[in-house]
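Visitor: Structure: start-v6.txt, compact mmCIF, C-alpha atoms.
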# COMPACT_ATOMS: atom_id res chain seq x y z
CA MET A 1 -18.94 -18.51 19.77
CA ALA A 2 -15.50 -20.09 19.85
CA LEU A 3 -12.10 -18.62 20.61
CA PHE A 4 -9.21 -18.73 18.16
CA VAL A 5 -5.55 -17.81 18.58
CA LEU A 6 -3.98 -16.10 15.57
CA ILE A 7 -0.19 -16.34 15.49
CA CYS A 8 1.14 -14.15 12.69
CA LEU A 9 4.90 -14.01 12.18
CA ASP A 10 6.45 -11.21 10.15
CA LYS A 11 8.77 -11.70 7.21
CA PRO A 12 12.45 -11.12 8.10
CA ASP A 13 13.63 -7.51 8.14
CA SER A 14 10.13 -6.09 7.84
CA LEU A 15 9.95 -3.80 10.90
CA ASP A 16 9.76 -0.70 8.67
CA LEU A 17 6.75 -2.16 6.84
CA ARG A 18 5.11 -3.06 10.16
CA MET A 19 5.59 0.45 11.53
CA ALA A 20 4.32 2.09 8.32
CA THR A 21 1.20 -0.10 8.35
CA ARG A 22 0.60 -0.08 12.12
CA PRO A 23 -1.86 2.87 12.28
CA ALA A 24 -4.11 1.23 9.66
CA HIS A 25 -3.83 -2.14 11.43
CA LEU A 26 -4.79 -0.64 14.80
CA ALA A 27 -7.73 1.23 13.26
CA TYR A 28 -8.88 -2.00 11.56
CA ALA A 29 -8.54 -4.08 14.74
CA GLY A 30 -10.41 -1.38 16.67
CA THR A 31 -13.49 -1.95 14.54
CA PHE A 32 -13.56 -5.52 15.91
CA SER A 33 -13.42 -4.60 19.60
CA ASP A 34 -16.45 -6.83 20.24
CA VAL A 35 -14.62 -9.98 19.06
CA VAL A 36 -10.92 -9.23 19.63
CA LYS A 37 -10.39 -10.36 23.19
CA LEU A 38 -6.64 -9.79 23.40
CA GLY A 39 -3.97 -8.74 20.97
CA GLY A 40 -0.48 -7.39 20.67
CA PRO A 41 2.90 -7.72 19.04
CA ILE A 42 5.19 -10.71 19.34
CA LEU A 43 8.70 -9.49 20.16
CA ASP A 44 12.04 -10.75 18.92
CA ASP A 45 15.12 -11.21 21.13
CA LYS A 46 15.97 -7.50 20.77
CA GLY A 47 12.49 -6.42 21.88
CA ASP A 48 11.43 -5.34 18.38
CA MET A 49 7.99 -6.22 17.04
CA ALA A 50 8.22 -9.35 14.89
CA GLY A 51 4.66 -10.64 14.67
CA SER A 52 1.18 -10.49 16.14
CA LEU A 53 -0.78 -12.62 18.57
CA ILE A 54 -4.54 -12.15 18.66
CA ILE A 55 -7.22 -14.03 20.57
CA LEU A 56 -10.44 -13.65 18.63
CA GLU A 57 -13.98 -14.82 19.31
CA GLY A 58 -15.82 -15.99 16.22
CA GLU A 59 -18.37 -18.31 14.74
CA SER A 60 -15.79 -20.39 12.88
CA GLU A 61 -12.19 -20.68 11.82
CA GLU A 62 -13.24 -19.09 8.52
CA ALA A 63 -14.35 -15.96 10.43
CA ALA A 64 -10.88 -15.80 12.01
CA ARG A 65 -9.29 -16.29 8.57
CA ALA A 66 -11.41 -13.46 7.15
CA PHE A 67 -10.24 -11.15 9.94
CA THR A 68 -6.61 -11.91 9.15
CA ARG A 69 -7.07 -11.84 5.38
CA ASP A 70 -8.49 -8.29 5.47
CA ASP A 71 -6.03 -6.96 8.09
CA PRO A 72 -3.86 -4.15 6.64
CA TYR A 73 -0.78 -6.08 7.77
CA SER A 74 -1.83 -9.02 5.59
CA LEU A 75 -2.77 -6.77 2.69
CA ALA A 76 0.68 -5.14 2.88
CA GLY A 77 2.37 -8.55 2.70
CA LEU A 78 3.89 -8.30 6.20
CA PHE A 79 3.30 -11.84 7.38
CA GLN A 80 5.58 -14.76 6.64
CA SER A 81 3.10 -17.15 8.23
CA VAL A 82 -0.32 -17.15 9.84
CA GLN A 83 -1.45 -19.93 12.12
CA ILE A 84 -5.02 -20.09 13.44
CA LEU A 85 -5.74 -22.48 16.29
CA PRO A 86 -8.88 -23.18 18.35
CA PHE A 87 -8.41 -22.00 21.93
CA ARG A 88 -10.06 -22.52 25.30
CA ALA A 89 -9.24 -20.19 28.21
CA THR A 90 -8.66 -22.18 31.39
CA VAL A 91 -6.82 -19.72 33.62
CA GLY A 92 -7.68 -16.03 33.79
CA ASN A 93 -10.48 -14.15 32.09
CA LEU A 94 -10.86 -12.72 28.63
Any chance you could put this one into structure tokens?
Guide:
Amino acid sequence: MALFVLICLDKPDSLDLRMATRPAHLAYAGTFSDVVKLGGPILDDKGDMAGSLIILEGESEEAARAFTRDDPYSLAGLFQSVQILPFRATVGNL
């Protein structure tokens, strides 16, 4: 299993959409507790949520893409961009 970093940036002025969709997103992510190693919101300069960062363990980049594709945030059209990168932890533990 490989690790992937998902960097998902919200569309401008979409905090209301994020907050309305957040309970469904958290419930969805909770069903992947075996593969989501770390996750949380990216904050803007005011401290408001403006994106998501998730470290996910999966078989392939396609598995990481499937996770993001089916995320309620994605389905609601929240994200302006999604970047998926291979990752190797060197310091600390996941």
Visitor: Just want the 9 Å neighbourhood of Lys11 in chain A, counted on only C-alpha atoms, with same-chain residues fewer than 4 positions away dropped. Output as a VMD selection string.
Guide: chain A and resid 15 50 to 51 77 to 81
Visitor: Can you list, as a list in words, every protein, DNA or RNA residue that comes within 12 Å of Ala29 in chain A when you count all atoms listed in the file, leaving out same-chain residues fewer than 4 positions away?
Guide: Arg22, Pro23, Ala24, His25, Ser33, Asp34, Val35, Val36, Lys37, Leu38, Gly39, Gly40, Ser52, Ile54, Ile55, Leu56, Phe67, Thr68, Asp70, Asp71, Pro72 and Tyr73 of chain A
Visitor: Neighbours of Met49 in chain A within 10 Å (all atoms listed in the file; same-chain residues fewer than 4 positions away dropped), as a PyMOL selection string?
Guide: chain A and resi 9-10+14-15+18-19+40-45
Visitor: Enter the distance from CA of Leu3 in chain A to CA of Ala89 in chain A, in Å, rounded to one decimal.
Guide: 8.3 Å
Visitor: Just to confirm, what's the straight-line distance from CA of Phe87 in chain A to CA of Thr31 in chain A in Å (one decimal)?
Guide: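 Interatomic distance here is 22.0 Å.
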Visitor: With distances taken over only C-alpha atoms, which of A:Ile7, A:Ile84, A:Leu17, A:Leu26 is nearest to Glu62 in chain A?
Guide: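 For Glu62 in chain A, the nearest of the candidates is A:Ile84.
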Visitor: Can you work out the spacing between CA of Glu57 in chain A and CA of Cys8 in chain A in Å, to one decimal?
Guide: 16.5 Å
Visitor: Name all residues at most 9 Å from Ser60 in chain A (count all atoms listed in the file; drop same-chain ones fewer than 6 positions away) and give them as a ChimeraX atom specification.
Guide: /A:1-4
Visitor: Between A:Thr90, A:Glu61, A:Thr21, A:Lys46, which residue has the minimum interatomic distance to Ala76 in chain A, considering all atoms listed in the file?
Guide: A:Thr21
Visitor: Box for range 63-66 of chain A - axis-aligned, 5 Å on each of the six sides, all listed atoms - centre and size in Å to one decimal, as JSON.
Guide:
{"center_x": -11.8, "center_y": -14.9, "center_z": 9.6, "size_x": 15.1, "size_y": 12.8, "size_z": 14.9}
Visitor: Is it possible to add N, CA and C atoms to range 55-75 of chain A and hand it back as a PDB file, in the frame of the given file?
Guide:
ATOM      1  N   ILE A  55      -6.190 -13.079  20.172  1.00  0.00           N
ATOM      2  CA  ILE A  55      -7.220 -14.030  20.570  1.00  0.00           C
ATOM      3  C   ILE A  55      -8.545 -13.414  20.146  1.00  0.00           C
ATOM      4  N   LEU A  56      -9.242 -14.148  19.307  1.00  0.00           N
ATOM      5  CA  LEU A  56     -10.440 -13.650  18.630  1.00  0.00           C
ATOM      6  C   LEU A  56     -11.604 -14.597  18.916  1.00  0.00           C
ATOM      7  N   GLU A  57     -12.770 -14.030  19.152  1.00  0.00           N
ATOM      8  CA  GLU A  57     -13.980 -14.820  19.310  1.00  0.00           C
ATOM      9  C   GLU A  57     -14.738 -14.787  17.978  1.00  0.00           C
ATOM     10  N   GLY A  58     -15.124 -15.957  17.499  1.00  0.00           N
ATOM     11  CA  GLY A  58     -15.820 -15.990  16.220  1.00  0.00           C
ATOM     12  C   GLY A  58     -16.671 -17.218  16.061  1.00  0.00           C
ATOM     13  N   GLU A  59     -17.475 -17.200  15.032  1.00  0.00           N
ATOM     14  CA  GLU A  59     -18.370 -18.310  14.740  1.00  0.00           C
ATOM     15  C   GLU A  59     -17.621 -19.535  14.224  1.00  0.00           C
ATOM     16  N   SER A  60     -16.500 -19.291  13.526  1.00  0.00           N
ATOM     17  CA  SER A  60     -15.790 -20.390  12.880  1.00  0.00           C
ATOM     18  C   SER A  60     -14.355 -19.980  12.602  1.00  0.00           C
ATOM     19  N   GLU A  61     -13.552 -20.973  12.226  1.00  0.00           N
ATOM     20  CA  GLU A  61     -12.190 -20.680  11.820  1.00  0.00           C
ATOM     21  C   GLU A  61     -12.188 -19.777  10.590  1.00  0.00           C
ATOM     22  N   GLU A  62     -13.161 -19.938   9.721  1.00  0.00           N
ATOM     23  CA  GLU A  62     -13.240 -19.090   8.520  1.00  0.00           C
ATOM     24  C   GLU A  62     -13.422 -17.615   8.906  1.00  0.00           C
ATOM     25  N   ALA A  63     -14.189 -17.341   9.970  1.00  0.00           N
ATOM     26  CA  ALA A  63     -14.350 -15.960  10.430  1.00  0.00           C
ATOM     27  C   ALA A  63     -13.003 -15.391  10.895  1.00  0.00           C
ATOM     28  N   ALA A  64     -12.216 -16.221  11.581  1.00  0.00           N
ATOM     29  CA  ALA A  64     -10.880 -15.800  12.010  1.00  0.00           C
ATOM     30  C   ALA A  64      -9.985 -15.573  10.797  1.00  0.00           C
ATOM     31  N   ARG A  65     -10.076 -16.447   9.802  1.00  0.00           N
ATOM     32  CA  ARG A  65      -9.290 -16.290   8.570  1.00  0.00           C
ATOM     33  C   ARG A  65      -9.661 -14.994   7.845  1.00  0.00           C
ATOM     34  N   ALA A  66     -10.956 -14.684   7.812  1.00  0.00           N
ATOM     35  CA  ALA A  66     -11.410 -13.460   7.150  1.00  0.00           C
ATOM     36  C   ALA A  66     -10.841 -12.231   7.855  1.00  0.00           C
ATOM     37  N   PHE A  67     -10.815 -12.263   9.189  1.00  0.00           N
ATOM     38  CA  PHE A  67     -10.240 -11.150   9.940  1.00  0.00           C
ATOM     39  C   PHE A  67      -8.790 -10.933   9.539  1.00  0.00           C
ATOM     40  N   THR A  68      -8.023 -12.010   9.495  1.00  0.00           N
ATOM     41  CA  THR A  68      -6.610 -11.910   9.150  1.00  0.00           C
ATOM     42  C   THR A  68      -6.408 -11.528   7.693  1.00  0.00           C
ATOM     43  N   ARG A  69      -7.197 -12.102   6.817  1.00  0.00           N
ATOM     44  CA  ARG A  69      -7.070 -11.840   5.380  1.00  0.00           C
ATOM     45  C   ARG A  69      -7.245 -10.353   5.062  1.00  0.00           C
ATOM     46  N   ASP A  70      -8.172  -9.690   5.754  1.00  0.00           N
ATOM     47  CA  ASP A  70      -8.490  -8.290   5.470  1.00  0.00           C
ATOM     48  C   ASP A  70      -7.700  -7.297   6.330  1.00  0.00           C
ATOM     49  N   ASP A  71      -6.858  -7.801   7.227  1.00  0.00           N
ATOM     50  CA  ASP A  71      -6.030  -6.960   8.090  1.00  0.00           C
ATOM     51  C   ASP A  71      -5.022  -6.201   7.200  1.00  0.00           C
ATOM     52  N   PRO A  72      -4.846  -4.901   7.420  1.00  0.00           N
ATOM     53  CA  PRO A  72      -3.860  -4.150   6.640  1.00  0.00           C
ATOM     54  C   PRO A  72      -2.455  -4.755   6.666  1.00  0.00           C
ATOM     55  N   TYR A  73      -2.076  -5.397   7.742  1.00  0.00           N
ATOM     56  CA  TYR A  73      -0.780  -6.080   7.770  1.00  0.00           C
ATOM     57  C   TYR A  73      -0.725  -7.169   6.703  1.00  0.00           C
ATOM     58  N   SER A  74      -1.785  -7.961   6.611  1.00  0.00           N
ATOM     59  CA  SER A  74      -1.830  -9.020   5.590  1.00  0.00           C
ATOM     60  C   SER A  74      -1.848  -8.414   4.192  1.00  0.00           C
ATOM     61  N   LEU A  75      -2.657  -7.400   4.001  1.00  0.00           N
ATOM     62  CA  LEU A  75      -2.770  -6.770   2.690  1.00  0.00           C
ATOM     63  C   LEU A  75      -1.445  -6.156   2.233  1.00  0.00           C
TER      64      LEU A  75
END
